[in-house]
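> Have a look at the structure that comes next, please.
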Amino acid sequence: MNEEKNSNHLAQARARLEGPDAPRFWQSVEELANTKLFRNFLENEFPANAESDRKTFSVDRREVLKLAAASAAIASMSACTKLPTEKIVPYAHPPEEIIPGRPLFYATSFPHHGVSTGVLVESHMGRPTKIEGNPEHPGSQGGTSVFMQASILDMYDPDRSQAVLHEGRVSTWADFTAAMGFIPTGARLRILTGTVTSPTLAWQIENLLKKFPQAKWHQWDPSGGQNVREGARLAFGRPVQTVYRFDQADVILSLDADFLVNGSGYVRHSRDFARRRDLAAGPSSRLNRLYVAESMLTSTGAVADHRLALRSSDIDDLVRRLAAAAGVAVPPSANASAKIPSGWVSTVLRDLNAHPGASIVVAGEHQPPLVHALAHAINEKLGNVGKTVIYTEPLEARPVDQLDSLGDLVGDLKSGQAELLLVLGGNPVYNAPADFEFESALHDAIAANTLKLFIHSGLYNDETSEYAHWHVPATHYLESWSDGRAYDGTVGILQPLIAPLYDSHSAHEMIALFTGDSGTSPHDMVRSYWQSQRPERGKAFEDFWETSLHDGLMARSALPAIAVPVRADFVSQGGSQTASDPNQLEVVFRPDPAVDDGEYANNGWLQETPRPITRFTWDNAALMSPATAEQHNLSSGSYVMLRLGGRTVQAGVFVVPGHADNSVTLHLGYGRRRSGQVGTGPGFNAYLLRTSRAPWIARGLEIESTGKTYSFATVQFQYTIDVAGHPADEESVNAFNRHRDLVRIATMEEFRKNPDFARNPELEPDQSIYPQIPYDSYRWGMSIDLNRCIGCNACLTACVAENNIATVGKDQVARGRMMHWIRIDTYFQGGLENPTAYFEPTPCMQCENAPCEYVCPVGATTHSSEGLNDMVYNRCVGTRYCSNNCPYKVRRFNFYLFSDYTTPSLYGVRNPNVTVRSRGVMEKCTYCVQRINAAKIRAEEENRTVRDGEIVTACQAACPTEAIIFGDINDPGSRVSRLKAQSRNYGLLEDLNTRPRTTYLARVLNPNPEMTG
Amino acid sequence: MASVGSHQPEPLIGPGHTFETVTDKISSIVLTRGTTPGWVFGFFIAFCLLMLLNLVITLLMIKGVGIWGIKIPTAWGFAIVNFVWWIGIGHAGTLISAILLLLHQTWRTSINRFAEAMTIFAVMCAGMFPLLHMGRPWLFYYLMPYPNPMWLWPQFRSPLVWDVFAVSTYFTVSVLFWFVGLIPDLATLRDRAKNKASQIIYGILALGWRGSAVHWSRYEMASLLLAGLATPLVLSVHTVVSFDFTIGIIPGWHSTIFPPYFVAGAIYSGFAMVLTLAIPIRRVYHLEDLVTERHLDIMAKVMLATGLIVTYGYISETFMAFYGGNEYERYMMMNRLAGPYAHLYWLLISCNLLIPQSLWSRRLRHSIPWLFFISLVVNMGMWLERFVIVVVSLHRDFLPSSWAMYYPTRWDWATYLGTFGLFFFFFYLFLRFLPMISIVEVRALVHETSEEQVHT
């Protein structure tokens, strides 16, 4: 009988191991079978675990905090027992430069997929709080992106890995270095990094490879420019970096490229592009013209003059037709697309040809290498090379085919060739192509003891570190010395703003352990490398080094242009093409606009950033067109099973107007298993469908409804799109379209005919019975140019960072309680198939006749003498009447205690000049009043008035396209006054007589008169 | 007082009543009837609901107003709907006792006492909401003009400050009026009470009333003065409450018709609530000969009249929305008529406008079950009206980008139910320990009625 019972257990255990939620580690059959006997045993043995075993592992946030607090208390107790032996220095003479209350700015560089972008970091008393663009840096010119803005939160993330772990137990760096000392130089060491452009790190790794002759260096970046690199290799026979000069281009054709928010140099691209959308000269301005063919409606597609909704896999046909017409010898596509309108290619080509040397054809990062190669060939034919398209040596120290590189590593793991694996900053268990089966290869290699030592270094204790013998916390870029190259090759030095918060170590230190330089500090490593590379010696080098640190870049270090002719036979080198059924459903993988490839999954600011166009937060989705949803009998909120090549994943459906039909876009970076309190959980893991054969675009996706529903936390009212594909609520659509005139638009032709098109006499303000308040000193105002806005959310994230705005979580966003002080309202015009999207950033309008002010019973929102609607948090009792009466609904309320008062590490990220709001208090955009006052104090000290441009609001500073301009409108010469004097200037809801200080410049499109639609 | 013409009104008081029987009948409910199981059962339910309110308030203080369904753009939800609803109910009592006193409407005597009690308890319920709905209720005193070293005053342009004054004054005057009216009856109870405790407590509350001519003269004067004070308040409270909306610029709020329309609506719902309470009470306590069918008939007529004023308000609002040519107003009305909350609007129209038209029929006015049903329907209709005004106006205003749906949470419902607990908790205590009908005034009525009979 006993035996029978046992075999029963085995069957249960086997079933559980084969089941979908099989545990990776287990201890006994009883445990695995989860029998009653075992549970009884557990209850008797460990009474604390008496609840269901599932529950014991779901520690909630509060519990984590309690544990953290307890551990901090214990840690401090232990600190009491032992006094530090070092000498301490009294603060009798303050350190040079530091004046309490006045921030310092340091230049450093922000690395993203290997490309570094210059930033200036605001530091309060040695504590970095805010990131701004570096105006001197070619990759930024002062602009920033969501990732740059939010990256500061990562440094203070309480979930960061904080201690060296050995076999999962807390250890020390000293123990780790001691253990590394025993590694023989003959070891078969494998190093896995991301894309490395850091000259110092590359030099160190090369040294290591010399010392360990059996070692290999692999690179894997799941969403980097793999295809860009391979496309260049295909076209030119060697990898090169392509630098686009969008400011020089009159006509741009984007082939599925979201070049304004994605890819190398995107911040600079935005700035250059926006410069050519400037209408300062009125109707005589010369705008560029942007054609976009893309599947998912992106920011770039939304600002296009002509957008063609085309499946990503149909771009191949489009580019072949265009190339053939431009004179490139290329056979027609095996997969001809019926969706390309006749005449589209010839019209675009005529326009491109009409601007020789002043046009750009740019292919999307996820398009296959051949599309990139053909784009290069077309650019060459159009005479753009050397003018708008410049080639340089690659940024990467060692440009490799990363799919091959990672494939090699997996091969070595499987064959037992890898003896020692060092992963520097990657998370391949999570993001390697599914067909590589990286996780099982790693698991088997460890189990078989062929992989004797696995060392992981990263910011987080993640999916990969779970397997590591040693896990070493990595330093954040704001804590470490390093260097890197910008999109044009300019070298930027990363200098630390703060000593590492935890026992963390940079990649330089990790490599140094093996090369025997472990005594050298990271600073000395970077400095001595450049000392060996630069011609300057002695004092000259000191000066050079100081200047480079101060400026954040090495002057004139951009890579020089090189001449690389397109190979004649590149098309045939690109391999043969196989025809596939055109009716097959296509799937496109793209990095998420907010959490990217998953790197930022634990960043609450980014999670809560509404995605452009879709406007949902905290999720990814199966994005598809209304027609495709209709065809599969789905709608937004359906929960489906996606099947691709035998692999499945379950996802929520979100219908996106303007998405190409018969195509599904999946954003990567979600469904993290081990990320942190924020990142673990939300969304689904699209990597599970992604293979090395088709890492970006695949055909043959099957969708199957599960019958369940999924709820998205969107921040903007969505027209309910029913199954028939039509807005269910016609009336609400009409309400916007008919008379409200919130977004004012014209074509260039209309603008020339009627420069005052943005004026709507019906909506002009009326006379007020109250006398006009005199504003004698300053009169702050803001102008937002809708022609420049690309809806990238940089302003929103910058505002969150500057103004200590709380993150509320998905549930609260779904309940309409997001706290953002500026939002990017998105409106669509035209049919669901291919509407034009309009972005309208909406901060507080700072009305002169503010409806919020007179209804507050306690005078908590008052009018300043300079015309700001000030919020007095101390005085606010939270009646919320002001919000009800705000016609723009820009006020935000602390329905709960949204600000985190309990996590000590988050204290550091707060701007000390902005109150952290408590529960029950209303808040809203202040025009960054702390910045205004700082500038006024400075001006008063110098006995002058504030100069134009001296005050830059956080949103303005962050904006990569300079769409937002703030200043004194009493000064007729100020930039904002001149913008408001433009004929395109209009205010929102001016007929309500609110007299908004924030006004908009109407959008002007520049369509090709030869093209219809 | 002779009746006019040939139309003989039904008597306001059953036949055969003398001073003695009236006093006996009313005071015995308090003094000799004792605590019945029915009363205990009702009181227990009210107490449970009161404890639910207690729970909600505790949670609200610990966590914040986020437990409710409010959000941006609908930053006001159930709390304000309930506030306006309760304060509307609190209109009938003072109207009956003050305005009708000044107008010499003798029929008011049998119902004014419990209508006034209802008013006070309803205003208590109403008064809780503005406090509870605040983000930081512990700072409620910022709304009052109190001396402070910073010389900070409330912001007097805000209607919420006017609310504080209007509601607190109304509550104070209502309580005073009610208590002054109670004094002679408390003295009666003191004199008739058999046990010591009752004698002492009623004795203290009776303030030494001996029934001397001077006492009576002072009493009459005080009642008249308080009635004079209360009369404008009846009109002003709901006018001020309506300012909370009209002062705002939100379509659906910004309307000049609100003050009269709100006052009429308040009286409408107030009388409905009096009927809701009076019909079961007269049955349970066998007071059919004191609260006669004539009373019910008159109240039904008042409801019909105020209901028609409210109807006029709806028609005018709808007409102006289209006639005014304002895009936002027009959309607001379309959204009411056909938007996502249209079913509530049409339910409101049925409750407040269509079903009460049956009161034109004398037969239905005398059907007590039907009257009771109508009173409930009107109560619900008036609640829906406030929901439509507060929520449906806010949820879609000017910028379509900020439109959203409002869904109440279970805590919204719990708060609402909890105030019923508060209301009925006090009301049950009132029924048990105080004379629910004014002995003094009914005795005066007996006197007048007998005189009438003598004259005819």
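Just remember, in the structure tokens the first chain shown is A, the second B, etc., residues are 1-based per chain, and ligands are 1-based in the order shown.
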Give me, as a list in words, the residues of chain A touching chain B, with the criterion being at most 6 Å (counting only C-alpha atoms).
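Listed by rising number, the hits are Gln716, Phe717, Gly816, Arg817, Tyr854, Val855, Cys856, Pro857, Val858, Gly859, Val877, Gly878, Thr879, Asn885, Pro887, Phe895, Tyr896 and Gly920 of chain A.
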> How about saving the chosen residues, C-alpha atoms kept, as a PDB file, in the first residue's frame?

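Final output, saved to part19.pdb:
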```
ATOM      1  CA  GLN A 716      -6.884  59.288 -22.378  1.00  0.00           C
ATOM      2  CA  PHE A 717     -10.499  58.810 -23.234  1.00  0.00           C
ATOM      3  CA  GLY A 816      -8.044  58.061 -13.520  1.00  0.00           C
ATOM      4  CA  ARG A 817      -5.625  59.194 -10.861  1.00  0.00           C
ATOM      5  CA  TYR A 854     -12.165  81.859  -7.206  1.00  0.00           C
ATOM      6  CA  VAL A 855     -13.794  78.584  -6.220  1.00  0.00           C
ATOM      7  CA  CYS A 856     -11.191  77.529  -3.671  1.00  0.00           C
ATOM      8  CA  PRO A 857     -12.767  78.062  -0.243  1.00  0.00           C
ATOM      9  CA  VAL A 858      -9.461  78.475   1.563  1.00  0.00           C
ATOM     10  CA  GLY A 859      -7.440  80.439  -0.982  1.00  0.00           C
ATOM     11  CA  VAL A 877      -7.819  71.045   2.343  1.00  0.00           C
ATOM     12  CA  GLY A 878      -8.693  69.013  -0.734  1.00  0.00           C
ATOM     13  CA  THR A 879     -12.215  69.998  -1.747  1.00  0.00           C
ATOM     14  CA  ASN A 885     -13.836  73.997 -12.459  1.00  0.00           C
ATOM     15  CA  PRO A 887     -11.799  73.463 -18.173  1.00  0.00           C
ATOM     16  CA  PHE A 895      -6.347  60.649  -3.555  1.00  0.00           C
ATOM     17  CA  TYR A 896      -4.100  58.548  -1.352  1.00  0.00           C
ATOM     18  CA  GLY A 920      -5.389  64.968   0.192  1.00  0.00           C
TER      19      GLY A 920
END
```
> Using only C-alpha atoms, which protein or nucleic acid residues come within 12 Å of Arg978 in chain A? Drop anything in the same chain fewer than 3 positions from it, and give the result as a ChimeraX atom specification.
/A:279-282,781-783,948,965-975,981-985,1001
> With N, CA and C atoms retained, write the just-selected residues as a PDB file, in the first residue's frame.

```pdb
ATOM      1  N   LEU A 279       8.567  77.487 -38.514  1.00  0.00           N
ATOM      2  CA  LEU A 279       7.781  78.391 -39.356  1.00  0.00           C
ATOM      3  C   LEU A 279       7.947  79.840 -38.914  1.00  0.00           C
ATOM      4  N   ALA A 280       9.128  80.141 -38.376  1.00  0.00           N
ATOM      5  CA  ALA A 280       9.357  81.497 -37.874  1.00  0.00           C
ATOM      6  C   ALA A 280       9.195  82.524 -38.992  1.00  0.00           C
ATOM      7  N   ALA A 281       9.533  82.120 -40.205  1.00  0.00           N
ATOM      8  CA  ALA A 281       9.450  83.059 -41.323  1.00  0.00           C
ATOM      9  C   ALA A 281       8.041  83.127 -41.900  1.00  0.00           C
ATOM     10  N   GLY A 282       7.090  82.519 -41.232  1.00  0.00           N
ATOM     11  CA  GLY A 282       5.708  82.595 -41.709  1.00  0.00           C
ATOM     12  C   GLY A 282       5.527  81.786 -42.974  1.00  0.00           C
ATOM     13  N   GLY A 781       4.839  83.384 -19.644  1.00  0.00           N
ATOM     14  CA  GLY A 781       3.973  82.721 -20.619  1.00  0.00           C
ATOM     15  C   GLY A 781       4.723  81.600 -21.303  1.00  0.00           C
ATOM     16  N   MET A 782       3.990  80.781 -22.003  1.00  0.00           N
ATOM     17  CA  MET A 782       4.589  79.622 -22.661  1.00  0.00           C
ATOM     18  C   MET A 782       3.978  79.461 -24.037  1.00  0.00           C
ATOM     19  N   SER A 783       4.819  79.017 -24.955  1.00  0.00           N
ATOM     20  CA  SER A 783       4.322  78.755 -26.295  1.00  0.00           C
ATOM     21  C   SER A 783       4.720  77.332 -26.675  1.00  0.00           C
ATOM     22  N   ASP A 948      16.055  86.987 -20.967  1.00  0.00           N
ATOM     23  CA  ASP A 948      15.276  86.006 -21.737  1.00  0.00           C
ATOM     24  C   ASP A 948      16.105  84.742 -21.904  1.00  0.00           C
ATOM     25  N   ILE A 965       8.567  76.727 -25.398  1.00  0.00           N
ATOM     26  CA  ILE A 965       9.381  77.899 -25.084  1.00  0.00           C
ATOM     27  C   ILE A 965       8.667  78.695 -24.005  1.00  0.00           C
ATOM     28  N   PHE A 966       9.438  79.063 -22.977  1.00  0.00           N
ATOM     29  CA  PHE A 966       8.890  79.782 -21.831  1.00  0.00           C
ATOM     30  C   PHE A 966       9.593  81.130 -21.725  1.00  0.00           C
ATOM     31  N   GLY A 967       8.895  82.126 -21.222  1.00  0.00           N
ATOM     32  CA  GLY A 967       9.569  83.404 -21.004  1.00  0.00           C
ATOM     33  C   GLY A 967       8.610  84.483 -20.559  1.00  0.00           C
ATOM     34  N   ASP A 968       9.113  85.712 -20.603  1.00  0.00           N
ATOM     35  CA  ASP A 968       8.370  86.878 -20.133  1.00  0.00           C
ATOM     36  C   ASP A 968       7.647  87.502 -21.319  1.00  0.00           C
ATOM     37  N   ILE A 969       6.319  87.519 -21.278  1.00  0.00           N
ATOM     38  CA  ILE A 969       5.611  88.077 -22.434  1.00  0.00           C
ATOM     39  C   ILE A 969       5.422  89.589 -22.298  1.00  0.00           C
ATOM     40  N   ASN A 970       5.876  90.154 -21.179  1.00  0.00           N
ATOM     41  CA  ASN A 970       5.916  91.615 -21.102  1.00  0.00           C
ATOM     42  C   ASN A 970       7.068  92.175 -21.926  1.00  0.00           C
ATOM     43  N   ASP A 971       8.056  91.322 -22.196  1.00  0.00           N
ATOM     44  CA  ASP A 971       9.214  91.744 -22.974  1.00  0.00           C
ATOM     45  C   ASP A 971       8.944  91.399 -24.436  1.00  0.00           C
ATOM     46  N   PRO A 972       8.679  92.414 -25.270  1.00  0.00           N
ATOM     47  CA  PRO A 972       8.282  92.105 -26.654  1.00  0.00           C
ATOM     48  C   PRO A 972       9.401  91.421 -27.439  1.00  0.00           C
ATOM     49  N   GLY A 973      10.639  91.538 -26.935  1.00  0.00           N
ATOM     50  CA  GLY A 973      11.743  90.924 -27.675  1.00  0.00           C
ATOM     51  C   GLY A 973      12.013  89.497 -27.254  1.00  0.00           C
ATOM     52  N   SER A 974      11.318  89.004 -26.227  1.00  0.00           N
ATOM     53  CA  SER A 974      11.621  87.656 -25.756  1.00  0.00           C
ATOM     54  C   SER A 974      11.182  86.633 -26.794  1.00  0.00           C
ATOM     55  N   ARG A 975      11.803  85.455 -26.694  1.00  0.00           N
ATOM     56  CA  ARG A 975      11.524  84.422 -27.674  1.00  0.00           C
ATOM     57  C   ARG A 975      10.046  84.032 -27.634  1.00  0.00           C
ATOM     58  N   ALA A 981       3.544  86.138 -31.181  1.00  0.00           N
ATOM     59  CA  ALA A 981       3.156  87.125 -32.186  1.00  0.00           C
ATOM     60  C   ALA A 981       2.926  86.475 -33.547  1.00  0.00           C
ATOM     61  N   GLN A 982       3.335  85.226 -33.686  1.00  0.00           N
ATOM     62  CA  GLN A 982       3.128  84.553 -34.980  1.00  0.00           C
ATOM     63  C   GLN A 982       1.633  84.376 -35.248  1.00  0.00           C
ATOM     64  N   SER A 983       1.312  84.333 -36.535  1.00  0.00           N
ATOM     65  CA  SER A 983      -0.101  84.230 -36.885  1.00  0.00           C
ATOM     66  C   SER A 983      -0.673  82.874 -36.494  1.00  0.00           C
ATOM     67  N   ARG A 984       0.186  81.890 -36.280  1.00  0.00           N
ATOM     68  CA  ARG A 984      -0.328  80.557 -35.945  1.00  0.00           C
ATOM     69  C   ARG A 984      -0.734  80.440 -34.481  1.00  0.00           C
ATOM     70  N   ASN A 985      -0.493  81.496 -33.694  1.00  0.00           N
ATOM     71  CA  ASN A 985      -0.723  81.418 -32.255  1.00  0.00           C
ATOM     72  C   ASN A 985      -2.223  81.330 -31.930  1.00  0.00           C
ATOM     73  N   LEU A1001       1.070  76.966 -31.162  1.00  0.00           N
ATOM     74  CA  LEU A1001       1.292  77.374 -32.540  1.00  0.00           C
ATOM     75  C   LEU A1001       0.725  76.263 -33.414  1.00  0.00           C
TER      76      LEU A1001
END
```
> Quick one: everything within 8 Å of Asn911 in chain A, counting only C-alpha atoms, minus sequence neighbours fewer than 4 positions away in the same chain. Send it as an MDAnalysis selection string.
chainID A and resid 129:130 801:804
> Could you pull out all residues of range 603-784 of chain A with a DSSP call of strand (DSSP E) and give them as an NGL selection string?
:A and (616-617 or 622-624 or 638-644 or 647-655 or 663-667 or 697-709 or 713-714 or 745-747 or 780-784)
> What are the DSSP helix (DSSP H, G or I) residues of range 332-446 of chain A, as an NGL selection string?
:A and (344-353 or 369-381 or 402-415 or 428-431 or 434-436 or 438-446)
> Could you turn the residues from that selection into a file that holds N, CA and C atoms, as a short mmCIF file (atom, residue, chain, number, x, y, z; two decimals), in the first residue's frame?

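Full text of selection38.cif as output:
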```
data_model
loop_
_atom_site.label_atom_id
_atom_site.label_comp_id
_atom_site.auth_asym_id
_atom_site.auth_seq_id
_atom_site.Cartn_x
_atom_site.Cartn_y
_atom_site.Cartn_z
N TRP A 344 2.63 55.66 -55.81
CA TRP A 344 3.23 56.14 -54.55
C TRP A 344 4.75 56.20 -54.70
N VAL A 345 5.30 55.08 -55.19
CA VAL A 345 6.76 54.98 -55.30
C VAL A 345 7.28 56.03 -56.28
N SER A 346 6.61 56.16 -57.43
CA SER A 346 7.13 57.09 -58.44
C SER A 346 7.01 58.53 -57.96
N THR A 347 5.92 58.86 -57.24
CA THR A 347 5.76 60.23 -56.74
C THR A 347 6.84 60.55 -55.72
N VAL A 348 7.05 59.60 -54.80
CA VAL A 348 8.08 59.84 -53.78
C VAL A 348 9.44 59.98 -54.45
N LEU A 349 9.70 59.11 -55.39
CA LEU A 349 11.01 59.15 -56.04
C LEU A 349 11.19 60.47 -56.79
N ARG A 350 10.13 60.94 -57.43
CA ARG A 350 10.23 62.23 -58.12
C ARG A 350 10.60 63.34 -57.13
N ASP A 351 9.95 63.28 -55.97
CA ASP A 351 10.23 64.29 -54.95
C ASP A 351 11.67 64.16 -54.45
N LEU A 352 12.11 62.92 -54.25
CA LEU A 352 13.49 62.70 -53.80
C LEU A 352 14.48 63.20 -54.86
N ASN A 353 14.18 62.87 -56.09
CA ASN A 353 15.07 63.26 -57.18
C ASN A 353 15.11 64.78 -57.36
N PRO A 369 18.59 43.24 -43.12
CA PRO A 369 19.80 43.88 -43.66
C PRO A 369 19.64 44.33 -45.11
N LEU A 370 18.92 43.54 -45.91
CA LEU A 370 18.83 43.90 -47.33
C LEU A 370 18.12 45.25 -47.51
N VAL A 371 17.11 45.51 -46.71
CA VAL A 371 16.41 46.80 -46.81
C VAL A 371 17.38 47.93 -46.49
N HIS A 372 18.21 47.72 -45.48
CA HIS A 372 19.21 48.73 -45.14
C HIS A 372 20.18 48.92 -46.30
N ALA A 373 20.62 47.81 -46.86
CA ALA A 373 21.59 47.89 -47.95
C ALA A 373 20.98 48.63 -49.14
N LEU A 374 19.72 48.32 -49.44
CA LEU A 374 19.07 49.00 -50.56
C LEU A 374 18.89 50.49 -50.26
N ALA A 375 18.61 50.81 -49.00
CA ALA A 375 18.50 52.23 -48.64
C ALA A 375 19.83 52.93 -48.87
N HIS A 376 20.92 52.26 -48.52
CA HIS A 376 22.24 52.84 -48.76
C HIS A 376 22.45 53.07 -50.26
N ALA A 377 22.06 52.06 -51.03
CA ALA A 377 22.24 52.16 -52.48
C ALA A 377 21.41 53.30 -53.05
N ILE A 378 20.19 53.45 -52.54
CA ILE A 378 19.33 54.54 -53.05
C ILE A 378 19.92 55.88 -52.66
N ASN A 379 20.37 56.00 -51.42
CA ASN A 379 21.00 57.26 -51.00
C ASN A 379 22.19 57.60 -51.88
N GLU A 380 22.92 56.57 -52.25
CA GLU A 380 24.08 56.81 -53.12
C GLU A 380 23.62 57.33 -54.47
N LYS A 381 22.58 56.68 -55.02
CA LYS A 381 22.05 57.10 -56.32
C LYS A 381 21.52 58.53 -56.26
N GLN A 402 25.81 39.91 -33.80
CA GLN A 402 25.54 39.51 -32.42
C GLN A 402 24.70 38.25 -32.33
N LEU A 403 23.88 37.99 -33.35
CA LEU A 403 23.12 36.73 -33.32
C LEU A 403 24.08 35.56 -33.41
N ASP A 404 25.08 35.67 -34.32
CA ASP A 404 26.09 34.62 -34.41
C ASP A 404 26.87 34.52 -33.12
N SER A 405 27.18 35.69 -32.58
CA SER A 405 28.02 35.73 -31.40
C SER A 405 27.34 35.02 -30.23
N LEU A 406 26.06 35.33 -30.03
CA LEU A 406 25.33 34.68 -28.94
C LEU A 406 25.12 33.19 -29.27
N GLY A 407 24.89 32.91 -30.56
CA GLY A 407 24.72 31.53 -30.99
C GLY A 407 25.95 30.70 -30.67
N ASP A 408 27.13 31.29 -30.93
CA ASP A 408 28.39 30.61 -30.60
C ASP A 408 28.46 30.27 -29.13
N LEU A 409 28.06 31.26 -28.31
CA LEU A 409 28.15 31.05 -26.87
C LEU A 409 27.24 29.90 -26.45
N VAL A 410 26.02 29.90 -27.00
CA VAL A 410 25.08 28.83 -26.65
C VAL A 410 25.66 27.48 -27.09
N GLY A 411 26.26 27.49 -28.29
CA GLY A 411 26.89 26.27 -28.79
C GLY A 411 27.97 25.78 -27.83
N ASP A 412 28.78 26.72 -27.35
CA ASP A 412 29.85 26.35 -26.42
C ASP A 412 29.30 25.84 -25.10
N LEU A 413 28.19 26.43 -24.68
CA LEU A 413 27.58 25.97 -23.43
C LEU A 413 27.07 24.54 -23.61
N LYS A 414 26.48 24.30 -24.78
CA LYS A 414 25.89 22.97 -25.01
C LYS A 414 26.97 21.93 -25.17
N SER A 415 28.06 22.32 -25.85
CA SER A 415 29.10 21.32 -26.11
C SER A 415 30.07 21.21 -24.94
N PRO A 428 20.62 37.57 -20.66
CA PRO A 428 20.30 36.68 -21.79
C PRO A 428 19.23 35.64 -21.45
N VAL A 429 19.12 35.25 -20.20
CA VAL A 429 18.10 34.24 -19.87
C VAL A 429 16.73 34.78 -20.24
N TYR A 430 16.56 36.09 -20.04
CA TYR A 430 15.28 36.71 -20.37
C TYR A 430 15.18 37.06 -21.85
N ASN A 431 16.26 37.60 -22.43
CA ASN A 431 16.07 38.22 -23.74
C ASN A 431 16.78 37.55 -24.91
N ALA A 434 14.33 32.83 -28.54
CA ALA A 434 13.72 31.65 -27.91
C ALA A 434 14.33 30.36 -28.42
N ASP A 435 14.70 30.32 -29.74
CA ASP A 435 15.20 29.05 -30.28
C ASP A 435 16.60 28.73 -29.79
N PHE A 436 17.31 29.70 -29.22
CA PHE A 436 18.63 29.40 -28.64
C PHE A 436 18.50 28.59 -27.36
N PHE A 438 18.57 29.50 -24.38
CA PHE A 438 19.72 29.89 -23.57
C PHE A 438 19.60 29.37 -22.14
N GLU A 439 18.38 29.50 -21.61
CA GLU A 439 18.20 29.14 -20.20
C GLU A 439 18.51 27.67 -19.96
N SER A 440 17.97 26.82 -20.83
CA SER A 440 18.21 25.39 -20.58
C SER A 440 19.66 25.04 -20.87
N ALA A 441 20.28 25.71 -21.87
CA ALA A 441 21.69 25.44 -22.15
C ALA A 441 22.53 25.80 -20.93
N LEU A 442 22.19 26.94 -20.32
CA LEU A 442 22.93 27.39 -19.15
C LEU A 442 22.70 26.44 -17.99
N HIS A 443 21.45 26.07 -17.81
CA HIS A 443 21.09 25.18 -16.71
C HIS A 443 21.79 23.82 -16.85
N ASP A 444 21.76 23.31 -18.09
CA ASP A 444 22.38 22.00 -18.30
C ASP A 444 23.88 22.06 -18.11
N ALA A 445 24.49 23.15 -18.60
CA ALA A 445 25.94 23.26 -18.48
C ALA A 445 26.35 23.33 -17.02
N ILE A 446 25.53 24.01 -16.22
CA ILE A 446 25.86 24.09 -14.79
C ILE A 446 25.63 22.73 -14.13
#
```
> So how far away is CA of Thr490 in chain A from CA of His269 in chain A, in Å?
15.7 Å
> My list of candidates is A:Glu599, A:Asp305, A:Glu941, A:Asp766. Which is closest to Val251 in chain A when distances are computed with only C-alpha atoms?
A:Asp305
